[in-house]
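Contents: one structure, followed by commentary.
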Amino acid sequence: MAKRLGHSGGAVGNACETLVARGEAERVTQSPRTYRATATTAAAAQCAVVTVPNPSAPSTPGPPAPRRSPKPAGPTTSTSSGARPAPVTRPNGQQYHPRALAELPDTEALRRLREAGVPVLLYGPPGTGKTSLIEAAFPDLITVAGDGDTEVGDLIGEYTQRADGGYEFVYGPLVEAMQQGRALLLDDATLISPKVLAALYPAMDGRRQIQVKAHKGETITAADGFYVIAGHNPGVHGAVLTEALSSRFSVQIQVGSDYDLAASLKINRTAVRVARQIARRQEVGELGWAPQLRELIAFQKIADVLGTTAAFANLVGIAPLEDRDTVAELVSKNTGNPVNALALSLIHS
């Protein structure tokens with residue numbers, strides 16, 4: 001397909017993954033990746049926009065046009081007009097609502113950075129949508145969930161025992177992403193030991209290669225489309241953004257909760273107002289915690305099942321102990337009723 005279309009294997013693979021995510025094709029095998037058309041593939045092809053170069057047109061000197069990553073399902077609206085972009089369906093079926101980044105929808109901005117080969121580090125409190133954004137931007141994503149126990153073998157691969165008792169080397173997510181030209185997310189990258197991360201760095205620089213010492217010293221070269229993006233939660237115990245790691249990510253983007261988005265998602269307005277007030281207290285150092293978009297989405301789900309009173313009580317209960325009294329005070333003030341942390345009590349007959 002790549003040879004017929006004149007594009008890189010990574011770009012074609014990304015487009016195929018987009019079709020799979022939209023239900024317009026199906027993946028048959030993972031390694032190597034093969035795909036099969038479905039009943040909806042032909043209809044998708046008719047809606048595609050294909051630009052065919054005119055061989056008779058005079059050539060104009062200048063840089064070549066950048067290779068574009070596939071667009072997610074649904075139309076995208078420019079944020080410069082003030083309208084919100086259309087939501088993007090993530091691989092798990094949930095919808096992501098893009099936010100603005102450099103006057104572009106954030107998903108589009110990340111795809112452009114990938115095309116330019118510029119690694120990105122997203123940082124911000126847990127629950128602000130960093131992982132959701134990356135999943136929405138890159139349907140071909142492979143994710144590594146980092147923690148203090150992550151080892152080099154978890155990235156590159158290791159020998160595992162077969163059913164017959166023998167051993168075989170199974171490539172890790174880093175090698176898989178390099179060979180297949182896919183995006184690799186290092187989630188909670190700053191929890192991974194610097195010694196382990198060092199195994200990744202040769203793949204990110206001009207060499208775009210790594211050596212798998214455990215597998216006969218094999219050299220792996222990254223295919224077109226390979227891209228590394230990382231997430232960092234500042235303030236989380238054990239999360240250390242070293243100079244070596246920071247220097248590998250030319251673009252570092254702060255991600256916070258979009259309370260306007262929360263309101264547009266029809267989350268309880270009082271809950272959104274309380275979250276804004278708590279966030280302002282956090283900004284000036286009076287509180288160490290504030291509910292993020294994840295907590296507000298959970299609030300609405302709880303309210304729909306158990307009622308608004310229980311949802312506010314739960315909001316108080318999930319606040320850290322040192323902040324709970326202040327959070328309870330703000331919730332009580334906004335609701336007009338005293339609110340304590342959600343707890344069991346006796347049922348009165």
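Simple scheme: letters A, B, ... for chains in structure tokens order, numbers from 1 for residues in each chain, numbers from 1 for ligands in the order shown.
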Would you mind listing what lies within 7 Å of Leu186 of chain A as a PDB file with N, CA, C and O atoms, in the first residue's frame, with only C-alpha atoms counted and same-chain residues fewer than 5 positions away left out?
```pdb
ATOM      1  N   THR A 143       0.970   2.334  24.430  1.00  0.00           N
ATOM      2  CA  THR A 143       1.168   3.005  25.718  1.00  0.00           C
ATOM      3  C   THR A 143       2.003   2.162  26.668  1.00  0.00           C
ATOM      4  O   THR A 143       1.788   0.954  26.803  1.00  0.00           O
ATOM      5  N   VAL A 144       2.955   2.818  27.316  1.00  0.00           N
ATOM      6  CA  VAL A 144       3.725   2.223  28.406  1.00  0.00           C
ATOM      7  C   VAL A 144       3.320   2.936  29.687  1.00  0.00           C
ATOM      8  O   VAL A 144       3.501   4.147  29.804  1.00  0.00           O
ATOM      9  N   ALA A 145       2.753   2.208  30.634  1.00  0.00           N
ATOM     10  CA  ALA A 145       2.375   2.789  31.925  1.00  0.00           C
ATOM     11  C   ALA A 145       3.600   2.750  32.840  1.00  0.00           C
ATOM     12  O   ALA A 145       3.974   1.693  33.349  1.00  0.00           O
ATOM     13  N   GLY A 146       4.220   3.897  33.018  1.00  0.00           N
ATOM     14  CA  GLY A 146       5.462   3.948  33.773  1.00  0.00           C
ATOM     15  C   GLY A 146       5.248   3.956  35.272  1.00  0.00           C
ATOM     16  O   GLY A 146       4.277   4.503  35.774  1.00  0.00           O
ATOM     17  N   ILE A 229       5.933  10.435  22.759  1.00  0.00           N
ATOM     18  CA  ILE A 229       5.285  11.498  23.519  1.00  0.00           C
ATOM     19  C   ILE A 229       5.183  11.025  24.961  1.00  0.00           C
ATOM     20  O   ILE A 229       5.107   9.815  25.219  1.00  0.00           O
ATOM     21  N   ALA A 230       5.217  11.948  25.909  1.00  0.00           N
ATOM     22  CA  ALA A 230       5.265  11.541  27.317  1.00  0.00           C
ATOM     23  C   ALA A 230       4.303  12.367  28.156  1.00  0.00           C
ATOM     24  O   ALA A 230       3.924  13.482  27.787  1.00  0.00           O
ATOM     25  N   GLY A 231       3.917  11.796  29.295  1.00  0.00           N
ATOM     26  CA  GLY A 231       3.077  12.483  30.266  1.00  0.00           C
ATOM     27  C   GLY A 231       3.785  12.576  31.600  1.00  0.00           C
ATOM     28  O   GLY A 231       4.517  11.657  31.998  1.00  0.00           O
TER      29      GLY A 231
END
```
Non-local contacts of Asn268 of chain A (7 Å; only C-alpha atoms; under 3 positions in same chain excluded) as a list in words: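 In the requested format, the answer is Ala271, Val272 and Gln300 of chain A.
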Atomic separation - atom CA of Pro126 of chain A relative to atom CA of Ala310 of chain A, Å: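 So the answer is 23.2 Å.
Nearest residue to Ala223 of chain A, choosing from A:Ala239, A:Ala263, A:Val175, A:Leu200 and counting only C-alpha atoms: A:Val175.
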Between atom CA of Ala328 of chain A and atom CA of Ala313 of chain A, distance in Å (one decimal):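 Straight-line distance from atom CA of Ala328 of chain A to atom CA of Ala313 of chain A works out to 8.3 Å.
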Filtered DSSP result for segment 217-268 of chain A, state strand (DSSP E or B), as a list in words: Glu218, Thr219, Ile220, Thr221, Tyr227, Val228, Ile229, Ala230, Gly231, His232, Val251, Gln252, Ile253 and Gln254 of chain A
Saved selection, atoms kept: all heavy atoms, as an mmCIF file, in the first residue's frame:
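Wrote result.cif, looks like this:
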```cif
data_model
loop_
_atom_site.group_PDB
_atom_site.id
_atom_site.type_symbol
_atom_site.label_atom_id
_atom_site.label_comp_id
_atom_site.auth_asym_id
_atom_site.auth_seq_id
_atom_site.Cartn_x
_atom_site.Cartn_y
_atom_site.Cartn_z
ATOM 1 N N GLU A 218 21.029 -7.247 18.470
ATOM 2 C CA GLU A 218 20.292 -6.821 17.289
ATOM 3 C C GLU A 218 20.088 -5.306 17.270
ATOM 4 O O GLU A 218 19.804 -4.689 18.299
ATOM 5 C CB GLU A 218 18.931 -7.528 17.256
ATOM 6 C CG GLU A 218 18.045 -7.128 16.103
ATOM 7 C CD GLU A 218 16.670 -7.762 16.201
ATOM 8 O OE1 GLU A 218 16.334 -8.301 17.275
ATOM 9 O OE2 GLU A 218 15.925 -7.705 15.199
ATOM 10 N N THR A 219 20.229 -4.701 16.105
ATOM 11 C CA THR A 219 19.984 -3.274 15.942
ATOM 12 C C THR A 219 18.593 -3.054 15.348
ATOM 13 O O THR A 219 18.254 -3.636 14.315
ATOM 14 C CB THR A 219 21.036 -2.629 15.034
ATOM 15 O OG1 THR A 219 22.329 -2.762 15.642
ATOM 16 C CG2 THR A 219 20.739 -1.147 14.821
ATOM 17 N N ILE A 220 17.792 -2.216 16.010
ATOM 18 C CA ILE A 220 16.453 -1.877 15.547
ATOM 19 C C ILE A 220 16.471 -0.436 15.049
ATOM 20 O O ILE A 220 16.892 0.469 15.764
ATOM 21 C CB ILE A 220 15.408 -2.025 16.667
ATOM 22 C CG1 ILE A 220 15.437 -3.431 17.268
ATOM 23 C CG2 ILE A 220 14.013 -1.671 16.151
ATOM 24 C CD1 ILE A 220 15.012 -4.519 16.316
ATOM 25 N N THR A 221 16.004 -0.235 13.827
ATOM 26 C CA THR A 221 15.927 1.109 13.248
ATOM 27 C C THR A 221 14.460 1.517 13.151
ATOM 28 O O THR A 221 13.618 0.740 12.699
ATOM 29 C CB THR A 221 16.568 1.143 11.857
ATOM 30 O OG1 THR A 221 17.941 0.733 11.960
ATOM 31 C CG2 THR A 221 16.504 2.555 11.268
ATOM 32 N N TYR A 227 7.183 7.821 16.788
ATOM 33 C CA TYR A 227 7.110 9.090 17.512
ATOM 34 C C TYR A 227 6.948 8.802 18.999
ATOM 35 O O TYR A 227 6.241 7.871 19.390
ATOM 36 C CB TYR A 227 5.910 9.890 17.006
ATOM 37 C CG TYR A 227 5.731 11.251 17.645
ATOM 38 C CD1 TYR A 227 6.634 12.279 17.399
ATOM 39 C CD2 TYR A 227 4.642 11.509 18.474
ATOM 40 C CE1 TYR A 227 6.449 13.537 17.961
ATOM 41 C CE2 TYR A 227 4.464 12.757 19.039
ATOM 42 C CZ TYR A 227 5.370 13.778 18.781
ATOM 43 O OH TYR A 227 5.195 15.011 19.347
ATOM 44 N N VAL A 228 7.608 9.602 19.819
ATOM 45 C CA VAL A 228 7.543 9.440 21.268
ATOM 46 C C VAL A 228 6.904 10.671 21.892
ATOM 47 O O VAL A 228 7.263 11.807 21.576
ATOM 48 C CB VAL A 228 8.944 9.218 21.882
ATOM 49 C CG1 VAL A 228 8.852 9.103 23.404
ATOM 50 C CG2 VAL A 228 9.591 7.965 21.306
ATOM 51 N N ILE A 229 5.933 10.435 22.759
ATOM 52 C CA ILE A 229 5.285 11.498 23.519
ATOM 53 C C ILE A 229 5.183 11.025 24.961
ATOM 54 O O ILE A 229 5.107 9.815 25.219
ATOM 55 C CB ILE A 229 3.895 11.829 22.928
ATOM 56 C CG1 ILE A 229 3.318 13.097 23.561
ATOM 57 C CG2 ILE A 229 2.941 10.652 23.032
ATOM 58 C CD1 ILE A 229 2.122 13.654 22.799
ATOM 59 N N ALA A 230 5.217 11.948 25.909
ATOM 60 C CA ALA A 230 5.265 11.541 27.317
ATOM 61 C C ALA A 230 4.303 12.367 28.156
ATOM 62 O O ALA A 230 3.924 13.482 27.787
ATOM 63 C CB ALA A 230 6.691 11.681 27.863
ATOM 64 N N GLY A 231 3.917 11.796 29.295
ATOM 65 C CA GLY A 231 3.077 12.483 30.266
ATOM 66 C C GLY A 231 3.785 12.576 31.600
ATOM 67 O O GLY A 231 4.517 11.657 31.998
ATOM 68 N N HIS A 232 3.574 13.686 32.296
ATOM 69 C CA HIS A 232 4.249 13.936 33.579
ATOM 70 C C HIS A 232 3.262 14.579 34.539
ATOM 71 O O HIS A 232 2.564 15.537 34.170
ATOM 72 C CB HIS A 232 5.456 14.849 33.352
ATOM 73 C CG HIS A 232 6.056 15.441 34.580
ATOM 74 N ND1 HIS A 232 6.317 14.710 35.732
ATOM 75 C CD2 HIS A 232 6.459 16.717 34.870
ATOM 76 C CE1 HIS A 232 6.846 15.498 36.653
ATOM 77 N NE2 HIS A 232 6.936 16.724 36.153
ATOM 78 N N VAL A 251 9.006 20.381 23.040
ATOM 79 C CA VAL A 251 7.778 21.095 23.372
ATOM 80 C C VAL A 251 7.217 20.506 24.661
ATOM 81 O O VAL A 251 7.040 19.290 24.773
ATOM 82 C CB VAL A 251 6.731 20.976 22.239
ATOM 83 C CG1 VAL A 251 5.396 21.584 22.669
ATOM 84 C CG2 VAL A 251 7.241 21.652 20.984
ATOM 85 N N GLN A 252 6.957 21.375 25.630
ATOM 86 C CA GLN A 252 6.382 20.944 26.905
ATOM 87 C C GLN A 252 5.120 21.765 27.147
ATOM 88 O O GLN A 252 5.166 22.990 27.204
ATOM 89 C CB GLN A 252 7.400 21.111 28.035
ATOM 90 C CG GLN A 252 8.659 20.277 27.800
ATOM 91 C CD GLN A 252 9.649 20.319 28.944
ATOM 92 O OE1 GLN A 252 9.322 20.725 30.056
ATOM 93 N NE2 GLN A 252 10.874 19.870 28.688
ATOM 94 N N ILE A 253 3.999 21.071 27.268
ATOM 95 C CA ILE A 253 2.687 21.713 27.292
ATOM 96 C C ILE A 253 2.015 21.458 28.633
ATOM 97 O O ILE A 253 1.850 20.314 29.046
ATOM 98 C CB ILE A 253 1.792 21.174 26.160
ATOM 99 C CG1 ILE A 253 2.475 21.397 24.796
ATOM 100 C CG2 ILE A 253 0.422 21.831 26.180
ATOM 101 C CD1 ILE A 253 1.819 20.648 23.658
ATOM 102 N N GLN A 254 1.625 22.536 29.286
ATOM 103 C CA GLN A 254 0.886 22.416 30.540
ATOM 104 C C GLN A 254 -0.579 22.108 30.241
ATOM 105 O O GLN A 254 -1.198 22.741 29.387
ATOM 106 C CB GLN A 254 0.996 23.702 31.358
ATOM 107 C CG GLN A 254 0.307 23.615 32.719
ATOM 108 C CD GLN A 254 0.500 24.884 33.532
ATOM 109 O OE1 GLN A 254 0.972 25.898 33.019
ATOM 110 N NE2 GLN A 254 0.142 24.837 34.794
#
```
Pick from A:Thr242, A:Asn314, A:Gln209, A:Thr309, whichever lies nearest to Ala189 of chain A using only C-alpha atoms: A:Thr242
Shell of 12 Å around Phe312 of chain A, only C-alpha atoms, local chain residues under 6 positions omitted, as a PyMOL selection string: chain A and resi 268+270-272+274-275+291+295-296+298-303+306+318-319+327-343
Two-atom distance - atom CA of Asn233 of chain A, atom CA of Gly124 of chain A (Å): 5.3 Å
Proximity to Thr308 of chain A - best of A:Gly285, A:Arg269, A:Leu191, A:Ala279, only C-alpha atoms: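 Ranked by minimum distance to Thr308 of chain A, first place goes to A:Arg269.
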Ala137 of chain A surroundings by only C-alpha atoms, 9 Å radius, close-in-sequence under 5 positions cut, as a list in words: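 Surrounding residues, per the criterion: Lys71, Pro72, Val88, Arg90, Asp106, Thr107, Glu108, Ala109, Leu110, Arg111 and Ser132 of chain A.
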I need the chosen residues saved as a PDB file, in the first residue's frame, with all heavy atoms.
```
ATOM      1  N   LYS A  71      -6.683  12.290  10.060  1.00  0.00           N
ATOM      2  CA  LYS A  71      -7.621  13.000  10.913  1.00  0.00           C
ATOM      3  C   LYS A  71      -8.517  11.997  11.621  1.00  0.00           C
ATOM      4  O   LYS A  71      -8.831  10.946  11.074  1.00  0.00           O
ATOM      5  CB  LYS A  71      -8.493  13.933  10.064  1.00  0.00           C
ATOM      6  CG  LYS A  71      -7.705  15.011   9.353  1.00  0.00           C
ATOM      7  CD  LYS A  71      -7.190  16.038  10.316  1.00  0.00           C
ATOM      8  CE  LYS A  71      -6.615  17.232   9.592  1.00  0.00           C
ATOM      9  NZ  LYS A  71      -5.458  16.966   8.796  1.00  0.00           N
ATOM     10  N   PRO A  72      -8.939  12.297  12.836  1.00  0.00           N
ATOM     11  CA  PRO A  72      -9.872  11.414  13.514  1.00  0.00           C
ATOM     12  C   PRO A  72     -11.262  11.542  12.923  1.00  0.00           C
ATOM     13  O   PRO A  72     -11.523  12.400  12.091  1.00  0.00           O
ATOM     14  CB  PRO A  72      -9.845  11.928  14.964  1.00  0.00           C
ATOM     15  CG  PRO A  72      -9.511  13.372  14.827  1.00  0.00           C
ATOM     16  CD  PRO A  72      -8.588  13.463  13.637  1.00  0.00           C
ATOM     17  N   VAL A  88     -13.818  13.858  19.344  1.00  0.00           N
ATOM     18  CA  VAL A  88     -13.075  12.783  18.689  1.00  0.00           C
ATOM     19  C   VAL A  88     -13.295  11.503  19.489  1.00  0.00           C
ATOM     20  O   VAL A  88     -13.202  11.507  20.716  1.00  0.00           O
ATOM     21  CB  VAL A  88     -11.568  13.107  18.619  1.00  0.00           C
ATOM     22  CG1 VAL A  88     -10.807  11.973  17.950  1.00  0.00           C
ATOM     23  CG2 VAL A  88     -11.335  14.416  17.882  1.00  0.00           C
ATOM     24  N   ARG A  90     -12.221   8.137  21.020  1.00  0.00           N
ATOM     25  CA  ARG A  90     -11.005   7.445  21.431  1.00  0.00           C
ATOM     26  C   ARG A  90     -11.149   5.941  21.171  1.00  0.00           C
ATOM     27  O   ARG A  90     -12.256   5.448  20.941  1.00  0.00           O
ATOM     28  CB  ARG A  90     -10.734   7.696  22.913  1.00  0.00           C
ATOM     29  CG  ARG A  90     -10.432   9.154  23.242  1.00  0.00           C
ATOM     30  CD  ARG A  90     -10.590   9.421  24.721  1.00  0.00           C
ATOM     31  NE  ARG A  90      -9.837   8.485  25.548  1.00  0.00           N
ATOM     32  CZ  ARG A  90     -10.061   8.310  26.846  1.00  0.00           C
ATOM     33  NH1 ARG A  90     -11.034   8.976  27.455  1.00  0.00           N
ATOM     34  NH2 ARG A  90      -9.339   7.456  27.532  1.00  0.00           N
ATOM     35  N   ASP A 106      -6.283  20.940  19.950  1.00  0.00           N
ATOM     36  CA  ASP A 106      -5.076  20.323  20.495  1.00  0.00           C
ATOM     37  C   ASP A 106      -4.695  19.032  19.780  1.00  0.00           C
ATOM     38  O   ASP A 106      -3.503  18.727  19.610  1.00  0.00           O
ATOM     39  CB  ASP A 106      -5.215  20.092  22.000  1.00  0.00           C
ATOM     40  CG  ASP A 106      -6.492  19.362  22.385  1.00  0.00           C
ATOM     41  OD1 ASP A 106      -7.192  18.854  21.493  1.00  0.00           O
ATOM     42  OD2 ASP A 106      -6.804  19.317  23.602  1.00  0.00           O
ATOM     43  N   THR A 107      -5.697  18.252  19.326  1.00  0.00           N
ATOM     44  CA  THR A 107      -5.377  17.023  18.607  1.00  0.00           C
ATOM     45  C   THR A 107      -4.647  17.318  17.295  1.00  0.00           C
ATOM     46  O   THR A 107      -3.686  16.633  16.933  1.00  0.00           O
ATOM     47  CB  THR A 107      -6.666  16.233  18.310  1.00  0.00           C
ATOM     48  OG1 THR A 107      -7.636  17.119  17.722  1.00  0.00           O
ATOM     49  CG2 THR A 107      -7.253  15.637  19.579  1.00  0.00           C
ATOM     50  N   GLU A 108      -5.087  18.356  16.592  1.00  0.00           N
ATOM     51  CA  GLU A 108      -4.440  18.743  15.340  1.00  0.00           C
ATOM     52  C   GLU A 108      -3.033  19.264  15.595  1.00  0.00           C
ATOM     53  O   GLU A 108      -2.099  18.962  14.834  1.00  0.00           O
ATOM     54  CB  GLU A 108      -5.275  19.797  14.623  1.00  0.00           C
ATOM     55  CG  GLU A 108      -4.623  20.391  13.377  1.00  0.00           C
ATOM     56  CD  GLU A 108      -4.449  19.388  12.248  1.00  0.00           C
ATOM     57  OE1 GLU A 108      -5.096  18.317  12.301  1.00  0.00           O
ATOM     58  OE2 GLU A 108      -3.666  19.671  11.329  1.00  0.00           O
ATOM     59  N   ALA A 109      -2.846  20.035  16.667  1.00  0.00           N
ATOM     60  CA  ALA A 109      -1.519  20.559  16.989  1.00  0.00           C
ATOM     61  C   ALA A 109      -0.537  19.424  17.274  1.00  0.00           C
ATOM     62  O   ALA A 109       0.614  19.450  16.811  1.00  0.00           O
ATOM     63  CB  ALA A 109      -1.609  21.500  18.196  1.00  0.00           C
ATOM     64  N   LEU A 110      -0.978  18.410  18.012  1.00  0.00           N
ATOM     65  CA  LEU A 110      -0.093  17.280  18.303  1.00  0.00           C
ATOM     66  C   LEU A 110       0.249  16.515  17.028  1.00  0.00           C
ATOM     67  O   LEU A 110       1.392  16.076  16.847  1.00  0.00           O
ATOM     68  CB  LEU A 110      -0.742  16.341  19.314  1.00  0.00           C
ATOM     69  CG  LEU A 110      -0.839  16.826  20.760  1.00  0.00           C
ATOM     70  CD1 LEU A 110      -1.244  15.679  21.679  1.00  0.00           C
ATOM     71  CD2 LEU A 110       0.469  17.440  21.246  1.00  0.00           C
ATOM     72  N   ARG A 111      -0.717  16.346  16.142  1.00  0.00           N
ATOM     73  CA  ARG A 111      -0.427  15.632  14.896  1.00  0.00           C
ATOM     74  C   ARG A 111       0.589  16.398  14.050  1.00  0.00           C
ATOM     75  O   ARG A 111       1.474  15.801  13.425  1.00  0.00           O
ATOM     76  CB  ARG A 111      -1.717  15.394  14.107  1.00  0.00           C
ATOM     77  CG  ARG A 111      -2.604  14.319  14.725  1.00  0.00           C
ATOM     78  CD  ARG A 111      -3.683  13.882  13.748  1.00  0.00           C
ATOM     79  NE  ARG A 111      -4.621  14.955  13.453  1.00  0.00           N
ATOM     80  CZ  ARG A 111      -5.725  15.197  14.140  1.00  0.00           C
ATOM     81  NH1 ARG A 111      -6.013  14.452  15.192  1.00  0.00           N
ATOM     82  NH2 ARG A 111      -6.530  16.183  13.809  1.00  0.00           N
ATOM     83  N   SER A 132      -6.085  11.153  27.553  1.00  0.00           N
ATOM     84  CA  SER A 132      -7.232  11.192  26.641  1.00  0.00           C
ATOM     85  C   SER A 132      -6.885  11.971  25.376  1.00  0.00           C
ATOM     86  O   SER A 132      -7.245  11.571  24.265  1.00  0.00           O
ATOM     87  CB  SER A 132      -8.437  11.830  27.334  1.00  0.00           C
ATOM     88  OG  SER A 132      -8.813  11.084  28.470  1.00  0.00           O
TER      89      SER A 132
END
```
All residues 6 Å or closer to Leu155 of chain A, only C-alpha atoms, same chain fewer than 4 positions away omitted, as a count of residues only: 3
Best match for closeness to Ala86 of chain A among A:Gly307, A:Arg280, A:Gly153, A:Ala136, counting only C-alpha atoms: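 The closest residue to Ala86 of chain A is A:Ala136.
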Residue list (helix (DSSP H, G or I), DSSP) for segment 147-224 of chain A, as a ChimeraX atom specification: /A:152-156,173-180,189-191,194-197,201-204
